[in-house]
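Visitor: After the structure tokens below, expect a handful of questions from me.
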Protein chains: 2
Amino acid sequence: MRAVTIRDERLIVEQHPDPVPGAGEVLVRVRAAGLNGADMHQRRGRYPAPPGAPQDIPGLELAGEVAQRGPGAERFSDGDRVMAIVAGGAQAELALVHERVLMAVPDNLTWVEAGAVPEVFTTAQDAIFTQAGLRLAEHLLVHGGAGGVGTAAVQLGRAAGARVTATVRDPELRDRVAELGANAIAPAGFVEHGPFDVILELVGAPNLADNMNALNIGGRVAVIGVGGGATGELDLRMLMAKRGRIHGSTLRPRPLEEKALTARAMERAVLPLLADGSVRVPIAATYPLDQVEEAYERFQAGHKLGNIVLEIDP
Amino acid sequence: MRAVTIRDERLIVEQHPDPVPGAGEVLVRVRAAGLNGADMHQRRGRYPAPPGAPQDIPGLELAGEVAQRGPGAERFSDGDRVMAIVAGGAQAELALVHERVLMAVPDNLTWVEAGAVPEVFTTAQDAIFTQAGLRLAEHLLVHGGAGGVGTAAVQLGRAAGARVTATVRDPELRDRVAELGANAIAPAGFVEHGPFDVILELVGAPNLADNMNALNIGGRVAVIGVGGGATGELDLRMLMAKRGRIHGSTLRPRPLEEKALTARAMERAVLPLLADGSVRVPIAATYPLDQVEEAYERFQAGHKLGNIVLEIDP
């Protein structure tokens with residue numbers, strides 16, 4: 001199979017041996033694979049794949065067809081449209097996924113849309129609901145509302161009956177984030193739009209102090225990205241006064257059981273919303289496998305609404 | 001009635017008008033009232049009582065007899081032995097408490113013991129179980145294991161089947177904390193005794209970085225005191241890698257409904273353990289009302305196991 005391969009921080013497409021599915025595993029013929037912030041870090045050697053995952057093939061999410069099933073893999077049939085988060089190796093013609101982590105692709109989604117669903121929607125669903133417990137009529141703040149996770153979080157928050165405010169750096173994208181259901185604002189001065197019951201933090205330490213100021217009594221901050229910096233000052237007295245919580249989380253290093261649980265939560269709460277069209281998958285741009293370098297450059301350039309996706313011809 | 005009164009940071013005993021119970025309230029003839037760290041701050045003007053609570057009479061917990069019941073107060077009868085957390089006013093001959101916040105005093109507890117139960121055990125129960133969700137066989141770290149909250153937390157953690165480690169500054173008290181069921185260690189180097197699933201933090205910012213280092217995957221830090229400093233550096237990347245949570249909380253400003261819920265949790269989980277003697281209330285010293293200054297001095301001097309309690313003659 002051909003696969004994106006990291007060689008000294010460059011991305012090339014190389015031949016690799018076809019993977020063989022083990023017990024409970026499914027070999028997926030990948031049709032689309034979304035790009036994520038973590039891919040940018042992994043390319044620079046700062047976010048190595050966990051043990052057991054392909055070490056030099058990036059890619060954390062994929063959609064495609066069931067090509068082959070290992071012993072005992074019975075949830076899907078050959079040719080079924082499936083999608084999943086993986087710990088690595090998604091940006092390839094073939095990828096191995098344990099069947100418990102796979103989800104069926106709703107009929108109305110294109111391959112490109114499906115390839116951008118697993119990582120961003122699972123991350124948003126897990127952070128906002130499973131961890132932070134967002135409830136009806138609460139006020140959700142999404143930092144970075146125009147990105148992949150951001151657009152997913154805005155829509156899921158609205159679907160759950162929350163009021164949603166989203167910070168969007170690029171003024172030209174604010175109207176489009178507003179169309180997804182958020183009050184789209186500039187990052188500076190977000191505190192004045194609070195208080196917020198749940199804050200989805202993708203930027204990191206630079207927002208830490210203001211997040212505390214903007215938090216409602218009983219509020220929760222879910223930290224899922226630190227691209228803007230990892231270490232900042234925390235005022236514990238204010239955290240006590242707010243009776244607040246700060247959660248940190250990543251999906252990638254979780255054991256199979258926990259990843260499978262996130263897939264079940266997606267099937268329950270998110271796939272029906274994608275299937276009936278009430279939640280959409282904004283696609284900023286698509287690239288063929290051979291233009292993977294351009295795809296990563298486009299991802300890092302920002303000024304985009306939603307996801308960048310690699311399309312892989314069968 | 002006579003009551004401890006704060007006058008320019010001095011504590012004097014003064015006459016006040018007897019309070020009159022309103023709807024749902026109970027007038028309690030106070031027999032014992034434990035001292036807490038918050039009293040020390042309030043005395044210095046740094047922790048004013050919330051609106052509705054007596055402003056100049058300190059005291060956050062009490063035990064005594066039902067002296068009079070306001071309209072609709074039917075949970076207890078005159079003369080019943082009761083105890084409660086209050087938002088202020090406990091260090092007095094009489095105090096008003098809403099009946100939903102009152103708990104029955106187990107028969108085997110002395111007045112002094114009962115007067116030291118509500119604040120410290122409710123704080124420990126709420127932080128360790130309601131917030132941090134301590135489970136069977138997890139490893140609990142209690143910072144400040146010799147104090148009132150610390151001795152409560154050590155015993156409750158053990159009762160729940162957790163392994164408990166407690167930091168104890170005073171070497172002479174470590175054996176006594178060990179008798180309560182903890183591995184009692186010096187505060188310096190506590191990280192080496194981890195990882196910990198739940199950390200009860202009473203000291204504050206000075207421990208923040210090491211708490212992160214010592215936290216297990218999926219671990220929770222419950223911050224209920226910042227006597228050692230409020231503001232410290234937090235590494236959000238490590239919080240993400242640990243998939244950890246930091247909770248802050250205080251009991252005092254919570255609304256009546258939430259305080260009543262903590263009393264119900266105490267009745268369910270803690271009072272049976274006090275009643276059968278499997279959990280004890282260590283008393284370091286008692287003082288009569290007129291020696292309140294000495295009592296506060298003793299509290300601040302440290303080097304004590306458990307609680308300092310004011311005894312009030314009927």
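FYI, nothing fancy with the structure tokens labels: chains A, B, ... in order, residues from 1 per chain, ligands from 1 as they appear.
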What's the 10 Å shell around Ala265 in chain A, counting only C-alpha atoms, without same-chain residues fewer than 6 positions away, as a PyMOL selection string?
Guide: chain A and resi 122+125-126+129-130+259+271
Visitor: Excluding Arg7 in chain A and any residue of its chain fewer than 3 positions from it, enumerate the residues within 9 Å of it, using only C-alpha atoms, and give them as number ranges by chain.
Guide: A: 10-12, 43, 56
Visitor: Looking only at strand (DSSP E or B) from DSSP on the backbone, list the matching residues of range 119-242 of chain B as number ranges by chain.
Guide: B: 139-143, 163-167, 183-185, 196-201, 215-223, 231-235
Visitor: Any idea what's packed within 8 Å of Ala285 in chain A, counting only C-alpha atoms, ignoring anything in its chain fewer than 4 positions away? Could you give it as a ChimeraX atom specification?
Guide: /A:307-309
Visitor: Restrict the distance test to only C-alpha atoms, flag each residue of chain A within 6 Å of chain B, and return the flagged residues as a PDB file with C-alpha atoms, in the first residue's frame.
Guide:
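Output (iface.pdb):
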ATOM      1  CA  ALA A 230       1.374  24.864  27.983  1.00  0.00           C
ATOM      2  CA  THR A 231       2.279  26.530  31.278  1.00  0.00           C
ATOM      3  CA  GLY A 232       0.431  29.397  32.923  1.00  0.00           C
ATOM      4  CA  GLU A 233      -0.550  30.858  36.270  1.00  0.00           C
ATOM      5  CA  LEU A 234      -3.588  29.399  37.967  1.00  0.00           C
ATOM      6  CA  ASP A 235      -5.355  31.193  40.825  1.00  0.00           C
ATOM      7  CA  LEU A 236      -6.547  28.350  43.041  1.00  0.00           C
ATOM      8  CA  ARG A 237      -8.455  30.729  45.328  1.00  0.00           C
ATOM      9  CA  LEU A 239     -11.043  28.189  41.319  1.00  0.00           C
ATOM     10  CA  MET A 240     -12.345  27.528  44.857  1.00  0.00           C
ATOM     11  CA  ARG A 243     -16.308  25.938  42.718  1.00  0.00           C
ATOM     12  CA  GLY A 244     -14.846  25.217  39.296  1.00  0.00           C
ATOM     13  CA  ARG A 245     -13.085  22.335  37.591  1.00  0.00           C
ATOM     14  CA  ILE A 246     -10.293  22.130  35.024  1.00  0.00           C
ATOM     15  CA  HIS A 247     -10.088  18.946  32.967  1.00  0.00           C
ATOM     16  CA  GLY A 248      -7.235  17.944  30.728  1.00  0.00           C
ATOM     17  CA  SER A 249      -7.563  15.228  28.149  1.00  0.00           C
ATOM     18  CA  THR A 250      -6.354  13.613  24.955  1.00  0.00           C
TER      19      THR A 250
END
Visitor: Show me, as a list of chain:residue names, the residues that have an atom within 10 Å of Val279 in chain A when counting only C-alpha atoms, minus same-chain residues fewer than 6 positions from it.
Guide: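 In the requested format, the answer is A:Thr151, A:Ala152, A:Val154, A:Gln155, A:Leu156, A:Arg158, A:Ala159, A:Leu180, A:Val270, A:Leu271, A:Pro272, A:Leu273.
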Visitor: Please list as a ChimeraX atom specification every residue within 10 Å of Arg163 in chain B, counting only C-alpha atoms and excluding residues in the same chain fewer than 2 positions away.
Guide: /B:136-141,154,157-161,165,181-183,196-197
Visitor: Let me see the file: selected residues, all heavy atoms, as a tab-separated table (two decimals), in the first residue's frame.
Guide:
chain	number	residue	atom	x	y	z
B	136	LEU	N	-12.89	2.34	45.35
B	136	LEU	CA	-12.22	1.20	45.97
B	136	LEU	C	-10.83	0.98	45.37
B	136	LEU	O	-10.67	0.95	44.15
B	136	LEU	CB	-13.08	-0.04	45.73
B	136	LEU	CG	-12.53	-1.40	46.18
B	136	LEU	CD1	-12.45	-1.45	47.69
B	136	LEU	CD2	-13.41	-2.52	45.65
B	137	ALA	N	-9.85	0.83	46.24
B	137	ALA	CA	-8.48	0.45	45.85
B	137	ALA	C	-7.71	1.57	45.17
B	137	ALA	O	-6.58	1.36	44.74
B	137	ALA	CB	-8.46	-0.80	44.97
B	138	GLU	N	-8.30	2.76	45.06
B	138	GLU	CA	-7.52	3.88	44.55
B	138	GLU	C	-6.56	4.37	45.64
B	138	GLU	O	-6.66	4.01	46.82
B	138	GLU	CB	-8.46	5.01	44.08
B	138	GLU	CG	-9.14	4.67	42.76
B	138	GLU	CD	-9.77	5.88	42.08
B	138	GLU	OE1	-10.31	6.74	42.79
B	138	GLU	OE2	-9.71	5.95	40.85
B	139	HIS	N	-5.62	5.19	45.22
B	139	HIS	CA	-4.60	5.72	46.14
B	139	HIS	C	-4.91	7.19	46.39
B	139	HIS	O	-4.91	8.00	45.46
B	139	HIS	CB	-3.21	5.54	45.51
B	139	HIS	CG	-2.08	5.76	46.47
B	139	HIS	ND1	-0.76	5.62	46.12
B	139	HIS	CD2	-2.08	6.08	47.79
B	139	HIS	CE1	0.01	5.88	47.17
B	139	HIS	NE2	-0.77	6.16	48.19
B	140	LEU	N	-5.20	7.51	47.65
B	140	LEU	CA	-5.56	8.88	48.06
B	140	LEU	C	-4.38	9.52	48.77
B	140	LEU	O	-3.78	8.91	49.65
B	140	LEU	CB	-6.76	8.82	49.02
B	140	LEU	CG	-7.12	10.10	49.79
B	140	LEU	CD1	-7.63	11.20	48.85
B	140	LEU	CD2	-8.16	9.81	50.88
B	141	LEU	N	-4.06	10.76	48.38
B	141	LEU	CA	-3.06	11.54	49.10
B	141	LEU	C	-3.77	12.67	49.83
B	141	LEU	O	-4.51	13.45	49.22
B	141	LEU	CB	-2.02	12.14	48.14
B	141	LEU	CG	-1.03	13.11	48.80
B	141	LEU	CD1	-0.11	12.40	49.79
B	141	LEU	CD2	-0.19	13.85	47.74
B	154	VAL	N	-8.43	11.02	55.99
B	154	VAL	CA	-7.68	9.76	56.09
B	154	VAL	C	-8.62	8.62	56.46
B	154	VAL	O	-8.63	7.55	55.83
B	154	VAL	CB	-6.55	9.89	57.14
B	154	VAL	CG1	-6.01	8.52	57.53
B	154	VAL	CG2	-5.43	10.79	56.61
B	157	GLY	N	-11.21	7.85	53.65
B	157	GLY	CA	-10.56	7.17	52.54
B	157	GLY	C	-10.34	5.70	52.84
B	157	GLY	O	-10.62	4.82	52.02
B	158	ARG	N	-9.87	5.42	54.06
B	158	ARG	CA	-9.66	4.03	54.46
B	158	ARG	C	-10.98	3.26	54.50
B	158	ARG	O	-11.05	2.11	54.05
B	158	ARG	CB	-9.01	3.98	55.84
B	158	ARG	CG	-7.55	4.37	55.83
B	158	ARG	CD	-6.72	3.31	55.16
B	158	ARG	NE	-6.68	2.07	55.95
B	158	ARG	CZ	-6.13	0.94	55.57
B	158	ARG	NH1	-5.57	0.86	54.37
B	158	ARG	NH2	-6.15	-0.10	56.35
B	159	ALA	N	-12.02	3.91	55.05
B	159	ALA	CA	-13.32	3.24	55.16
B	159	ALA	C	-13.86	2.86	53.78
B	159	ALA	O	-14.58	1.87	53.64
B	159	ALA	CB	-14.32	4.14	55.89
B	160	ALA	N	-13.48	3.64	52.76
B	160	ALA	CA	-13.96	3.38	51.40
B	160	ALA	C	-13.07	2.39	50.65
B	160	ALA	O	-13.26	2.17	49.46
B	160	ALA	CB	-14.06	4.69	50.62
B	161	GLY	N	-12.09	1.85	51.33
B	161	GLY	CA	-11.25	0.85	50.69
B	161	GLY	C	-10.15	1.41	49.83
B	161	GLY	O	-9.59	0.72	48.99
B	165	THR	N	-2.22	7.81	51.68
B	165	THR	CA	-0.95	8.40	52.10
B	165	THR	C	-1.26	9.82	52.59
B	165	THR	O	-2.08	10.51	51.99
B	165	THR	CB	0.04	8.44	50.93
B	165	THR	OG1	0.36	7.09	50.55
B	165	THR	CG2	1.33	9.16	51.32
B	181	GLY	N	-4.81	5.12	59.83
B	181	GLY	CA	-4.92	4.29	58.62
B	181	GLY	C	-4.11	4.77	57.43
B	181	GLY	O	-4.23	4.23	56.34
B	182	ALA	N	-3.29	5.81	57.63
B	182	ALA	CA	-2.53	6.34	56.51
B	182	ALA	C	-1.07	5.93	56.59
B	182	ALA	O	-0.54	5.67	57.67
B	182	ALA	CB	-2.63	7.86	56.47
B	183	ASN	N	-0.43	5.89	55.43
B	183	ASN	CA	1.02	5.90	55.37
B	183	ASN	C	1.43	7.36	55.57
B	183	ASN	O	1.28	8.17	54.66
B	183	ASN	CB	1.48	5.36	54.01
B	183	ASN	CG	2.98	5.46	53.84
B	183	ASN	OD1	3.73	5.43	54.82
B	183	ASN	ND2	3.42	5.59	52.59
B	196	PHE	N	-0.90	9.03	42.62
B	196	PHE	CA	-2.13	9.13	43.40
B	196	PHE	C	-3.33	9.33	42.47
B	196	PHE	O	-3.25	10.09	41.51
B	196	PHE	CB	-2.04	10.29	44.38
B	196	PHE	CG	-0.85	10.22	45.29
B	196	PHE	CD1	0.26	11.01	45.05
B	196	PHE	CD2	-0.83	9.34	46.36
B	196	PHE	CE1	1.38	10.93	45.88
B	196	PHE	CE2	0.29	9.25	47.19
B	196	PHE	CZ	1.40	10.05	46.95
B	197	ASP	N	-4.41	8.66	42.81
B	197	ASP	CA	-5.64	8.83	42.02
B	197	ASP	C	-6.42	10.06	42.45
B	197	ASP	O	-7.06	10.71	41.64
B	197	ASP	CB	-6.50	7.57	42.16
B	197	ASP	CG	-5.76	6.34	41.69
B	197	ASP	OD1	-5.54	6.21	40.48
B	197	ASP	OD2	-5.37	5.51	42.54
Visitor: Could you name the residues that touch Ile57 in chain B at 10 Å or less, counting only C-alpha atoms, but leaving out those on the same chain fewer than 5 positions away, as a PyMOL selection string?
Guide: chain B and resi 3-7+11-14+16+39+42-43+49+88-92
Visitor: Skipping near chain neighbours, those fewer than 4 positions away, what residues fall within 8 Å of range 58-71 of chain A using only C-alpha atoms, listed as a VMD selection string?
Guide: chain A and resid 4 to 6 20 to 36 39 42 to 43 54 76 to 91 105 111 114 to 119
Visitor: Could you please determine the separation between CA of Ile199 in chain A and CA of Gly277 in chain A in Å, to one decimal place?
Guide: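 Interatomic distance, CA of Ile199 in chain A to CA of Gly277 in chain A: 25.6 Å.
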